[in-house]
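Data file: entry_17.tsv. Format and content: TSV, C-alpha atoms.
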```
chain	number	residue	atom	x	y	z
F	1	MET	CA	-51.27	-0.52	-24.51
F	2	THR	CA	-50.33	-3.86	-26.03
F	3	ASN	CA	-50.16	-4.20	-29.77
F	4	PHE	CA	-50.05	-7.37	-31.80
F	5	GLU	CA	-49.17	-6.86	-35.42
F	6	ILE	CA	-49.28	-9.61	-38.02
F	7	GLU	CA	-47.70	-8.38	-41.20
F	8	ARG	CA	-45.54	-9.41	-44.11
F	9	LYS	CA	-42.91	-7.20	-45.70
F	10	PHE	CA	-41.43	-7.24	-49.22
F	11	LEU	CA	-39.10	-5.32	-51.44
F	12	VAL	CA	-40.93	-3.65	-54.34
F	13	ALA	CA	-39.91	-4.50	-57.91
F	14	THR	CA	-38.03	-1.74	-59.71
F	15	GLU	CA	-40.50	-1.63	-62.61
F	16	TRP	CA	-43.48	-0.88	-60.35
F	17	LEU	CA	-44.82	2.66	-60.73
F	18	VAL	CA	-46.47	4.48	-57.83
F	19	PRO	CA	-50.19	4.76	-58.66
F	20	THR	CA	-50.65	8.50	-58.52
F	21	GLU	CA	-54.34	8.12	-57.66
F	22	SER	CA	-53.47	6.43	-54.35
F	23	PRO	CA	-53.35	8.51	-51.16
F	24	SER	CA	-49.93	9.19	-49.71
F	25	SER	CA	-48.39	11.06	-46.83
F	26	HIS	CA	-44.87	12.24	-46.13
F	27	LEU	CA	-43.08	10.86	-43.08
F	28	ARG	CA	-39.97	11.89	-41.26
F	29	GLN	CA	-38.87	9.80	-38.34
F	30	ALA	CA	-35.91	9.92	-35.98
F	31	TYR	CA	-34.69	7.53	-33.31
F	32	LEU	CA	-33.49	8.77	-29.92
F	33	SER	CA	-32.65	5.36	-28.45
F	34	PRO	CA	-29.58	3.38	-29.49
F	35	LEU	CA	-29.76	0.59	-32.01
F	36	GLY	CA	-30.22	-2.78	-30.38
F	37	SER	CA	-31.77	-3.84	-27.12
F	38	GLY	CA	-33.98	-1.83	-24.78
F	39	ASN	CA	-36.80	0.55	-25.54
F	40	GLU	CA	-37.19	2.02	-29.01
F	41	ILE	CA	-37.94	5.74	-28.83
F	42	ARG	CA	-39.05	7.34	-32.08
F	43	VAL	CA	-40.41	10.71	-33.11
F	44	ARG	CA	-42.42	10.95	-36.32
F	45	ALA	CA	-43.80	13.77	-38.43
F	46	LYS	CA	-46.66	12.54	-40.62
F	47	GLY	CA	-48.45	15.32	-42.47
F	48	ASP	CA	-49.25	17.85	-39.75
F	49	ALA	CA	-49.04	15.32	-36.91
F	50	ARG	CA	-46.03	15.09	-34.59
F	51	LEU	CA	-45.79	12.00	-32.42
F	52	MET	CA	-43.45	10.32	-30.03
F	53	THR	CA	-43.63	6.53	-29.70
F	54	VAL	CA	-41.95	4.47	-27.00
F	55	LYS	CA	-41.89	0.72	-27.65
F	56	ALA	CA	-40.71	-1.55	-24.87
F	57	PRO	CA	-39.81	-5.23	-25.12
F	58	ASP	CA	-42.21	-7.69	-23.56
F	59	GLU	CA	-41.53	-8.29	-19.86
F	60	ASN	CA	-41.61	-12.04	-20.49
F	61	GLY	CA	-39.28	-11.83	-23.46
F	62	ASP	CA	-41.87	-12.70	-26.12
F	63	PRO	CA	-40.43	-11.21	-29.36
F	64	LEU	CA	-43.93	-10.90	-30.89
F	65	VAL	CA	-45.21	-8.64	-28.14
F	66	ARG	CA	-44.13	-5.04	-27.62
F	67	ARG	CA	-45.70	-2.56	-25.25
F	68	GLU	CA	-46.20	0.82	-26.86
F	69	VAL	CA	-47.00	4.34	-25.66
F	70	GLU	CA	-47.68	7.01	-28.29
F	71	PHE	CA	-48.46	10.67	-27.71
F	72	PRO	CA	-48.47	13.98	-29.60
F	73	ILE	CA	-45.59	16.42	-29.22
F	74	ALA	CA	-45.34	20.05	-30.27
F	75	ASP	CA	-43.95	20.91	-33.68
F	76	GLU	CA	-40.95	22.78	-32.22
F	77	VAL	CA	-40.18	19.87	-29.90
F	78	PHE	CA	-40.17	17.53	-32.89
F	79	GLU	CA	-37.79	19.78	-34.78
F	80	GLN	CA	-35.38	19.99	-31.84
F	81	LEU	CA	-35.41	16.22	-31.37
F	82	TRP	CA	-35.00	15.70	-35.13
F	83	VAL	CA	-31.74	17.67	-34.90
F	84	LEU	CA	-30.67	15.95	-31.70
F	85	ALA	CA	-31.09	12.51	-33.31
F	86	GLY	CA	-28.22	13.30	-35.65
F	87	GLN	CA	-27.90	10.64	-38.35
F	88	ASP	CA	-30.47	8.26	-36.85
F	89	ARG	CA	-33.33	9.43	-39.02
F	90	LEU	CA	-35.04	8.87	-42.34
F	91	SER	CA	-37.73	10.29	-44.54
F	92	LYS	CA	-40.06	8.57	-46.94
F	93	ARG	CA	-43.39	8.91	-48.69
F	94	ARG	CA	-45.96	6.30	-47.71
F	95	TRP	CA	-48.52	5.17	-50.27
F	96	SER	CA	-51.64	3.16	-49.52
F	97	VAL	CA	-52.33	0.76	-52.38
F	98	PRO	CA	-55.52	-1.40	-52.45
F	99	LEU	CA	-54.67	-5.04	-53.07
F	100	GLY	CA	-57.75	-7.24	-53.33
F	101	GLY	CA	-59.14	-7.51	-49.81
F	102	VAL	CA	-56.13	-5.93	-48.12
F	103	THR	CA	-54.11	-2.74	-48.38
F	104	ALA	CA	-50.42	-2.58	-49.12
F	105	VAL	CA	-48.49	0.24	-47.52
F	106	VAL	CA	-45.59	1.15	-49.79
F	107	ASP	CA	-42.76	3.21	-48.32
F	108	VAL	CA	-40.68	5.09	-50.89
F	109	TYR	CA	-37.53	6.16	-49.05
F	110	GLU	CA	-35.76	9.45	-49.66
F	111	GLY	CA	-32.39	11.04	-49.07
F	112	GLU	CA	-29.59	8.60	-48.45
F	113	LEU	CA	-32.02	5.68	-48.72
F	114	ALA	CA	-33.44	6.83	-52.08
F	115	GLY	CA	-34.11	3.91	-54.38
F	116	LEU	CA	-35.38	1.68	-51.60
F	117	ARG	CA	-39.09	0.80	-51.76
F	118	VAL	CA	-40.69	-1.54	-49.25
F	119	ALA	CA	-44.28	-2.86	-49.13
F	120	GLU	CA	-46.03	-4.04	-45.97
F	121	VAL	CA	-49.37	-5.79	-45.69
F	122	GLU	CA	-51.10	-6.19	-42.34
F	123	PHE	CA	-53.43	-9.13	-41.68
F	124	ASP	CA	-56.20	-9.97	-39.22
F	125	GLY	CA	-54.69	-13.32	-38.37
F	126	VAL	CA	-51.90	-15.78	-38.98
F	127	ASP	CA	-53.96	-17.87	-41.44
F	128	ALA	CA	-54.68	-14.88	-43.66
F	129	ALA	CA	-51.00	-13.92	-43.56
F	130	ARG	CA	-49.92	-17.42	-44.59
F	131	ALA	CA	-52.51	-17.61	-47.38
F	132	PHE	CA	-51.51	-14.25	-48.88
F	133	GLU	CA	-50.32	-14.45	-52.49
F	134	PRO	CA	-47.94	-11.56	-53.19
F	135	PRO	CA	-48.66	-9.70	-56.45
F	136	GLU	CA	-46.10	-9.71	-59.23
F	137	TRP	CA	-44.70	-6.35	-58.27
F	138	PHE	CA	-43.60	-7.62	-54.85
F	139	GLY	CA	-39.97	-8.74	-54.77
F	140	GLU	CA	-37.96	-10.49	-52.10
F	141	GLU	CA	-39.74	-11.08	-48.81
F	142	LEU	CA	-38.21	-9.30	-45.81
F	143	THR	CA	-40.68	-10.39	-43.13
F	144	GLY	CA	-39.08	-10.76	-39.71
F	145	ASP	CA	-35.62	-9.70	-40.85
F	146	PRO	CA	-34.40	-7.11	-38.32
F	147	ALA	CA	-31.88	-5.77	-40.85
F	148	TRP	CA	-34.84	-4.19	-42.66
F	149	SER	CA	-36.51	-2.53	-39.67
F	150	ASN	CA	-36.86	1.23	-39.95
F	151	ARG	CA	-34.61	1.58	-36.92
F	152	GLU	CA	-31.87	-0.30	-38.79
F	153	LEU	CA	-32.47	1.62	-42.00
F	154	ALA	CA	-32.17	4.92	-40.14
F	155	ALA	CA	-28.87	3.83	-38.59
F	156	ARG	CA	-27.50	2.56	-41.88
F	157	GLY	CA	-28.28	5.81	-43.75
F	158	GLY	CA	-25.21	7.30	-45.39
F	159	GLY	CA	-26.03	5.52	-48.63
F	160	ARG	CA	-25.35	2.09	-47.19
F	161	HIS	CA	-28.39	-0.10	-47.72
F	162	PRO	CA	-28.53	-3.50	-46.09
F	163	LYS	CA	-28.00	-6.33	-48.51
F	164	PRO	CA	-30.80	-8.85	-48.85
F	165	GLY	CA	-29.83	-11.71	-46.57
F	166	ARG	CA	-32.14	-14.50	-47.58
F	167	GLY	CA	-34.30	-15.66	-50.48
F	168	ARG	CA	-37.94	-16.62	-50.52
A	1	MET	CA	-30.45	24.21	-26.27
A	2	THR	CA	-26.99	23.87	-24.77
A	3	ASN	CA	-26.57	23.73	-21.03
A	4	PHE	CA	-23.42	24.15	-19.05
A	5	GLU	CA	-23.71	23.17	-15.42
A	6	ILE	CA	-20.98	23.73	-12.88
A	7	GLU	CA	-21.87	21.96	-9.68
A	8	ARG	CA	-20.45	20.00	-6.79
A	9	LYS	CA	-22.15	17.05	-5.17
A	10	PHE	CA	-21.80	15.56	-1.69
A	11	LEU	CA	-23.26	12.92	0.56
A	12	VAL	CA	-25.15	14.42	3.49
A	13	ALA	CA	-24.07	13.55	7.04
A	14	THR	CA	-26.45	11.21	8.86
A	15	GLU	CA	-26.91	13.59	11.77
A	16	TRP	CA	-28.21	16.44	9.57
A	17	LEU	CA	-31.93	17.12	10.00
A	18	VAL	CA	-34.04	18.46	7.13
A	19	PRO	CA	-34.94	22.07	7.99
A	20	THR	CA	-38.71	21.91	7.93
A	21	GLU	CA	-38.98	25.61	7.08
A	22	SER	CA	-37.23	25.05	3.73
A	23	PRO	CA	-39.32	24.60	0.59
A	24	SER	CA	-39.42	21.12	-0.88
A	25	SER	CA	-41.04	19.29	-3.74
A	26	HIS	CA	-41.61	15.63	-4.44
A	27	LEU	CA	-40.00	14.13	-7.54
A	28	ARG	CA	-40.51	10.88	-9.38
A	29	GLN	CA	-38.29	10.18	-12.34
A	30	ALA	CA	-37.94	7.27	-14.72
A	31	TYR	CA	-35.42	6.49	-17.44
A	32	LEU	CA	-36.48	5.13	-20.83
A	33	SER	CA	-33.00	4.87	-22.34
A	34	PRO	CA	-30.53	2.19	-21.36
A	35	LEU	CA	-27.78	2.81	-18.85
A	36	GLY	CA	-24.54	3.82	-20.51
A	37	SER	CA	-23.82	5.56	-23.77
A	38	GLY	CA	-26.18	7.43	-26.08
A	39	ASN	CA	-28.99	9.81	-25.24
A	40	GLU	CA	-30.47	9.91	-21.76
A	41	ILE	CA	-34.26	10.03	-21.91
A	42	ARG	CA	-35.98	10.82	-18.63
A	43	VAL	CA	-39.53	11.59	-17.54
A	44	ARG	CA	-40.05	13.50	-14.32
A	45	ALA	CA	-43.03	14.36	-12.15
A	46	LYS	CA	-42.29	17.38	-9.95
A	47	GLY	CA	-45.28	18.65	-8.05
A	48	ASP	CA	-47.97	19.04	-10.72
A	49	ALA	CA	-45.49	19.30	-13.60
A	50	ARG	CA	-44.77	16.37	-15.93
A	51	LEU	CA	-41.72	16.69	-18.15
A	52	MET	CA	-39.68	14.67	-20.59
A	53	THR	CA	-35.99	15.49	-20.96
A	54	VAL	CA	-33.71	14.20	-23.71
A	55	LYS	CA	-29.99	14.78	-23.08
A	56	ALA	CA	-27.59	14.02	-25.90
A	57	PRO	CA	-23.81	13.73	-25.68
A	58	ASP	CA	-21.79	16.51	-27.24
A	59	GLU	CA	-21.13	15.98	-30.95
A	60	ASN	CA	-17.43	16.65	-30.36
A	61	GLY	CA	-17.26	14.28	-27.41
A	62	ASP	CA	-16.78	16.96	-24.74
A	63	PRO	CA	-17.99	15.29	-21.51
A	64	LEU	CA	-18.84	18.67	-19.94
A	65	VAL	CA	-21.32	19.59	-22.66
A	66	ARG	CA	-24.70	17.95	-23.13
A	67	ARG	CA	-27.42	19.11	-25.48
A	68	GLU	CA	-30.82	19.00	-23.83
A	69	VAL	CA	-34.44	19.22	-24.99
A	70	GLU	CA	-37.15	19.42	-22.32
A	71	PHE	CA	-40.90	19.58	-22.85
A	72	PRO	CA	-44.15	19.00	-20.94
A	73	ILE	CA	-46.08	15.76	-21.31
A	74	ALA	CA	-49.61	14.89	-20.23
A	75	ASP	CA	-50.17	13.34	-16.82
A	76	GLU	CA	-51.52	10.09	-18.29
A	77	VAL	CA	-48.55	9.84	-20.67
A	78	PHE	CA	-46.22	10.21	-17.69
A	79	GLU	CA	-48.00	7.46	-15.80
A	80	GLN	CA	-47.83	5.07	-18.77
A	81	LEU	CA	-44.13	5.75	-19.28
A	82	TRP	CA	-43.52	5.40	-15.52
A	83	VAL	CA	-44.90	1.86	-15.76
A	84	LEU	CA	-43.05	1.12	-19.01
A	85	ALA	CA	-39.73	2.10	-17.43
A	86	GLY	CA	-39.98	-0.89	-15.10
A	87	GLN	CA	-37.28	-0.76	-12.43
A	88	ASP	CA	-35.40	2.18	-13.92
A	89	ARG	CA	-36.98	4.80	-11.71
A	90	LEU	CA	-36.66	6.54	-8.38
A	91	SER	CA	-38.51	8.93	-6.13
A	92	LYS	CA	-37.17	11.51	-3.74
A	93	ARG	CA	-38.02	14.72	-1.94
A	94	ARG	CA	-35.92	17.71	-2.95
A	95	TRP	CA	-35.20	20.42	-0.39
A	96	SER	CA	-33.77	23.84	-1.15
A	97	VAL	CA	-31.47	24.91	1.68
A	98	PRO	CA	-29.88	28.40	1.72
A	99	LEU	CA	-26.13	28.21	2.29
A	100	GLY	CA	-24.50	31.61	2.51
A	101	GLY	CA	-24.53	33.05	-1.00
A	102	VAL	CA	-25.59	29.83	-2.67
A	103	THR	CA	-28.40	27.28	-2.35
A	104	ALA	CA	-27.91	23.61	-1.65
A	105	VAL	CA	-30.40	21.24	-3.21
A	106	VAL	CA	-30.75	18.22	-0.95
A	107	ASP	CA	-32.33	15.09	-2.39
A	108	VAL	CA	-33.78	12.69	0.19
A	109	TYR	CA	-34.31	9.42	-1.67
A	110	GLU	CA	-37.26	7.11	-1.03
A	111	GLY	CA	-38.24	3.51	-1.64
A	112	GLU	CA	-35.37	1.19	-2.31
A	113	LEU	CA	-32.91	4.08	-2.08
A	114	ALA	CA	-34.24	5.25	1.32
A	115	GLY	CA	-31.43	6.38	3.59
A	116	LEU	CA	-29.52	8.06	0.78
A	117	ARG	CA	-29.27	11.86	0.98
A	118	VAL	CA	-27.28	13.86	-1.56
A	119	ALA	CA	-26.60	17.62	-1.68
A	120	GLU	CA	-25.78	19.56	-4.84
A	121	VAL	CA	-24.63	23.15	-5.14
A	122	GLU	CA	-24.59	24.94	-8.48
A	123	PHE	CA	-22.10	27.72	-9.19
A	124	ASP	CA	-21.78	30.58	-11.65
A	125	GLY	CA	-18.24	29.67	-12.56
A	126	VAL	CA	-15.34	27.36	-12.00
A	127	ASP	CA	-13.61	29.73	-9.58
A	128	ALA	CA	-16.63	29.93	-7.30
A	129	ALA	CA	-16.96	26.14	-7.43
A	130	ARG	CA	-13.32	25.67	-6.44
A	131	ALA	CA	-13.52	28.24	-3.64
A	132	PHE	CA	-16.63	26.71	-2.08
A	133	GLU	CA	-16.17	25.53	1.51
A	134	PRO	CA	-18.60	22.70	2.26
A	135	PRO	CA	-20.49	23.08	5.54
A	136	GLU	CA	-19.97	20.52	8.32
A	137	TRP	CA	-23.07	18.58	7.40
A	138	PHE	CA	-21.70	17.74	3.97
A	139	GLY	CA	-19.99	14.34	3.84
A	140	GLU	CA	-17.96	12.67	1.13
A	141	GLU	CA	-17.73	14.55	-2.16
A	142	LEU	CA	-19.27	12.74	-5.16
A	143	THR	CA	-18.66	15.38	-7.84
A	144	GLY	CA	-18.09	13.86	-11.26
A	145	ASP	CA	-18.51	10.27	-10.13
A	146	PRO	CA	-20.89	8.62	-12.62
A	147	ALA	CA	-21.75	5.93	-10.08
A	148	TRP	CA	-23.78	8.56	-8.23
A	149	SER	CA	-25.75	9.93	-11.18
A	150	ASN	CA	-29.51	9.65	-10.85
A	151	ARG	CA	-29.51	7.38	-13.89
A	152	GLU	CA	-27.17	4.99	-12.08
A	153	LEU	CA	-29.12	5.23	-8.84
A	154	ALA	CA	-32.35	4.38	-10.66
A	155	ALA	CA	-30.75	1.34	-12.26
A	156	ARG	CA	-29.21	0.17	-9.01
A	157	GLY	CA	-32.51	0.36	-7.06
A	158	GLY	CA	-33.39	-2.92	-5.42
A	159	GLY	CA	-31.74	-1.75	-2.21
A	160	ARG	CA	-28.27	-1.86	-3.72
A	161	HIS	CA	-26.61	1.50	-3.20
A	162	PRO	CA	-23.32	2.23	-4.90
A	163	LYS	CA	-20.42	2.14	-2.53
A	164	PRO	CA	-18.39	5.32	-2.18
A	165	GLY	CA	-15.45	4.88	-4.48
A	166	ARG	CA	-13.07	7.62	-3.44
A	167	GLY	CA	-12.30	9.90	-0.52
A	168	ARG	CA	-11.96	13.67	-0.40
```

As C-alpha cells:
Amino acid sequence: MTNFEIERKFLVATEWLVPTESPSSHLRQAYLSPLGSGNEIRVRAKGDARLMTVKAPDENGDPLVRREVEFPIADEVFEQLWVLAGQDRLSKRRWSVPLGGVTAVVDVYEGELAGLRVAEVEFDGVDAARAFEPPEWFGEELTGDPAWSNRELAARGGGRHPKPGRGR
Amino acid sequence: MTNFEIERKFLVATEWLVPTESPSSHLRQAYLSPLGSGNEIRVRAKGDARLMTVKAPDENGDPLVRREVEFPIADEVFEQLWVLAGQDRLSKRRWSVPLGGVTAVVDVYEGELAGLRVAEVEFDGVDAARAFEPPEWFGEELTGDPAWSNRELAARGGGRHPKPGRGR
C-alpha cells in the first residue's frame, strides 16, 4: 500500500528528438479531486488499461510518503469520469528512453499543453539520485516543484503553462 | 447520467420503534473527497454490493442538479479505500417503511453517530412533496439543510452531532 518514490524531473531541451525506436504508450488522465490538499483521485487510460488511483497524504504528515490504492475500472466508467472531470485532465505520449543504467520516462504533452516535454528518472536510492548526471538534452530541473505536478498541469490547461520558478 | 431527486428529510421521534417486519440492509460509506465544494466521491458497502459514486456539481451551478457516475468495485478495493478514508465514514442500518402511498427510508446510525435516526421520503414531483403530511413519528424537518447531509455527518463523527438549526 505504501509507495516510496525517489525520482528527479527535468524539462526536455527543445532540440531533442523523440527516438522513434523507443517504446511509447498514450496516456489520458483526469482528476476528480480538487487541486490542493486532501486525497488525489485520478483516472488514467494507458493503452487498453483503465485505472483509478487514490493517493492519500501520510497520516503523520510526512510529505515523502503517500498511501496509494489503484484498481482497474471499466472502459465506459472511465469515459464517463473523463467527461465529469471537465477541464481537469490531460493527455500525453510517454516514451521510455534508456539512459546508461537507468531509464528516462519522457512525457510529451498534447492538446492545450502541447510543446511541454518533461523527463523523469526513478532511482533505487537517494545516493544514486544525487550522483545522477543529467544528459545534455535535459533542461531545467523541476524536481519537487509542485507547480509541475501532473495535477497542476491538468488544472492549468487552457494553454497556460506554469513558468519555471527556479534555476538549477 | 443526470439525476433529479425530490425528497424530504426528517428527524425520527425518539419513541418510534423500528418495525422488525420491515426489510433493512446494513450500509457502510466513506468519503474520499474533502468536505465542501467540488465532486463528492463516496464508496458504499450495502449488503454484498460494493459501489463507488462520483457526484459532480452542475456545470451551470444549479444546486438541484448533480451529475452522478456509479460503478461496482471489488470487495478488497472497498476495504482499502475504507481504511484510506480515515475518519470520513459512517455506518448505519437502513429500513424501508411503507407510509401510505410512499415509502420512508429510515437510517439508524451506528458508532459515533449512534442515537441519530433520519427518515427520507422520495417523491415523483414537487406537488406531491409539498402535499406530503408527515406522520406523527417524524420530528424536525431537515430538508435541504447541508449540515445533515451524510457527507457532513461522516465528517462530524467523533460523537459530535450537528445541532438542529431551524424549526418547522

TODO: Fewer than 5 positions away in the same chain doesn't count, so skip those; otherwise give me all residues within 12 Å of region 77-85 of chain F, counting all atoms listed in the file, as a ChimeraX atom specification.
DONE: /F:28-34,41-46,48-53,71-72,90-91,154-155 /A:1-2,38-41,52-59,66-73

Those same residues, written as a PDB file, in the frame of the given file with C-alpha atoms?
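Contents of the output file again08.pdb:
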```pdb
ATOM      1  CA  ARG F  28     -39.970  11.890 -41.260  1.00  0.00           C
ATOM      2  CA  GLN F  29     -38.870   9.800 -38.340  1.00  0.00           C
ATOM      3  CA  ALA F  30     -35.910   9.920 -35.980  1.00  0.00           C
ATOM      4  CA  TYR F  31     -34.690   7.530 -33.310  1.00  0.00           C
ATOM      5  CA  LEU F  32     -33.490   8.770 -29.920  1.00  0.00           C
ATOM      6  CA  SER F  33     -32.650   5.360 -28.450  1.00  0.00           C
ATOM      7  CA  PRO F  34     -29.580   3.380 -29.490  1.00  0.00           C
ATOM      8  CA  ILE F  41     -37.940   5.740 -28.830  1.00  0.00           C
ATOM      9  CA  ARG F  42     -39.050   7.340 -32.080  1.00  0.00           C
ATOM     10  CA  VAL F  43     -40.410  10.710 -33.110  1.00  0.00           C
ATOM     11  CA  ARG F  44     -42.420  10.950 -36.320  1.00  0.00           C
ATOM     12  CA  ALA F  45     -43.800  13.770 -38.430  1.00  0.00           C
ATOM     13  CA  LYS F  46     -46.660  12.540 -40.620  1.00  0.00           C
ATOM     14  CA  ASP F  48     -49.250  17.850 -39.750  1.00  0.00           C
ATOM     15  CA  ALA F  49     -49.040  15.320 -36.910  1.00  0.00           C
ATOM     16  CA  ARG F  50     -46.030  15.090 -34.590  1.00  0.00           C
ATOM     17  CA  LEU F  51     -45.790  12.000 -32.420  1.00  0.00           C
ATOM     18  CA  MET F  52     -43.450  10.320 -30.030  1.00  0.00           C
ATOM     19  CA  THR F  53     -43.630   6.530 -29.700  1.00  0.00           C
ATOM     20  CA  PHE F  71     -48.460  10.670 -27.710  1.00  0.00           C
ATOM     21  CA  PRO F  72     -48.470  13.980 -29.600  1.00  0.00           C
ATOM     22  CA  LEU F  90     -35.040   8.870 -42.340  1.00  0.00           C
ATOM     23  CA  SER F  91     -37.730  10.290 -44.540  1.00  0.00           C
ATOM     24  CA  ALA F 154     -32.170   4.920 -40.140  1.00  0.00           C
ATOM     25  CA  ALA F 155     -28.870   3.830 -38.590  1.00  0.00           C
TER      26      ALA F 155
ATOM     27  CA  MET A   1     -30.450  24.210 -26.270  1.00  0.00           C
ATOM     28  CA  THR A   2     -26.990  23.870 -24.770  1.00  0.00           C
ATOM     29  CA  GLY A  38     -26.180   7.430 -26.080  1.00  0.00           C
ATOM     30  CA  ASN A  39     -28.990   9.810 -25.240  1.00  0.00           C
ATOM     31  CA  GLU A  40     -30.470   9.910 -21.760  1.00  0.00           C
ATOM     32  CA  ILE A  41     -34.260  10.030 -21.910  1.00  0.00           C
ATOM     33  CA  MET A  52     -39.680  14.670 -20.590  1.00  0.00           C
ATOM     34  CA  THR A  53     -35.990  15.490 -20.960  1.00  0.00           C
ATOM     35  CA  VAL A  54     -33.710  14.200 -23.710  1.00  0.00           C
ATOM     36  CA  LYS A  55     -29.990  14.780 -23.080  1.00  0.00           C
ATOM     37  CA  ALA A  56     -27.590  14.020 -25.900  1.00  0.00           C
ATOM     38  CA  PRO A  57     -23.810  13.730 -25.680  1.00  0.00           C
ATOM     39  CA  ASP A  58     -21.790  16.510 -27.240  1.00  0.00           C
ATOM     40  CA  GLU A  59     -21.130  15.980 -30.950  1.00  0.00           C
ATOM     41  CA  ARG A  66     -24.700  17.950 -23.130  1.00  0.00           C
ATOM     42  CA  ARG A  67     -27.420  19.110 -25.480  1.00  0.00           C
ATOM     43  CA  GLU A  68     -30.820  19.000 -23.830  1.00  0.00           C
ATOM     44  CA  VAL A  69     -34.440  19.220 -24.990  1.00  0.00           C
ATOM     45  CA  GLU A  70     -37.150  19.420 -22.320  1.00  0.00           C
ATOM     46  CA  PHE A  71     -40.900  19.580 -22.850  1.00  0.00           C
ATOM     47  CA  PRO A  72     -44.150  19.000 -20.940  1.00  0.00           C
ATOM     48  CA  ILE A  73     -46.080  15.760 -21.310  1.00  0.00           C
TER      49      ILE A  73
END
```

Task: Option closest in space to chain F, from A:Ala128, A:Ala74, A:Ala119, A:Val106 [counting all atoms listed in the file] - done: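 The shortest atom-to-atom distance to chain F comes from A:Ala74.
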
Task: Top pick for closest residue to Val121 (chain F), considering F:Val18, F:Leu35, F:Leu11, F:Leu27 and counting all atoms listed in the file - done: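 Of F:Val18, F:Leu35, F:Leu11, F:Leu27, the one nearest Val121 (chain F) is F:Leu11, counting all atoms listed in the file.
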
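Atom pair CA of Glu21 (chain A) / CA of Leu142 (chain A) has a distance of 26.5 Å (rounded to one decimal).
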
Task: Given all atoms listed in the file as the counted atoms, nearest of F:Leu113, F:Arg156, F:Pro19, F:Asp75 to chain A - done: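 Counting all atoms listed in the file, the residue closest to chain A is F:Asp75.
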
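CA of Ser96 (chain F) is found 17.9 Å from CA of Glu133 (chain F).
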
I'd like the box whose edges run along x, y and z of the file and which contains every listed atom of region 52-59 of chain F, padded by 8 Å per side; could you state its centre and edge lengths in Å, one decimal, as JSON?
```
{"center_x": -41.7, "center_y": 1.0, "center_z": -24.9, "size_x": 19.8, "size_y": 34.6, "size_z": 26.2}
```

Can you tell me, as an mmCIF file with C-alpha atoms, keeping the file's coordinate frame, what residues are no more than 10 Å from Ala104 (chain A) when counting all atoms listed in the file, ignoring any on the same chain fewer than 2 positions away?
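Saved file result_16.cif follows:
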```cif
data_model
loop_
_atom_site.group_PDB
_atom_site.id
_atom_site.type_symbol
_atom_site.label_atom_id
_atom_site.label_comp_id
_atom_site.auth_asym_id
_atom_site.auth_seq_id
_atom_site.Cartn_x
_atom_site.Cartn_y
_atom_site.Cartn_z
ATOM 1 C CA ARG A 8 -20.450 20.000 -6.790
ATOM 2 C CA LYS A 9 -22.150 17.050 -5.170
ATOM 3 C CA TRP A 95 -35.200 20.420 -0.390
ATOM 4 C CA SER A 96 -33.770 23.840 -1.150
ATOM 5 C CA VAL A 97 -31.470 24.910 1.680
ATOM 6 C CA PRO A 98 -29.880 28.400 1.720
ATOM 7 C CA LEU A 99 -26.130 28.210 2.290
ATOM 8 C CA GLY A 100 -24.500 31.610 2.510
ATOM 9 C CA VAL A 102 -25.590 29.830 -2.670
ATOM 10 C CA VAL A 106 -30.750 18.220 -0.950
ATOM 11 C CA ASP A 107 -32.330 15.090 -2.390
ATOM 12 C CA VAL A 118 -27.280 13.860 -1.560
ATOM 13 C CA ALA A 119 -26.600 17.620 -1.680
ATOM 14 C CA GLU A 120 -25.780 19.560 -4.840
ATOM 15 C CA VAL A 121 -24.630 23.150 -5.140
ATOM 16 C CA GLU A 122 -24.590 24.940 -8.480
#
```
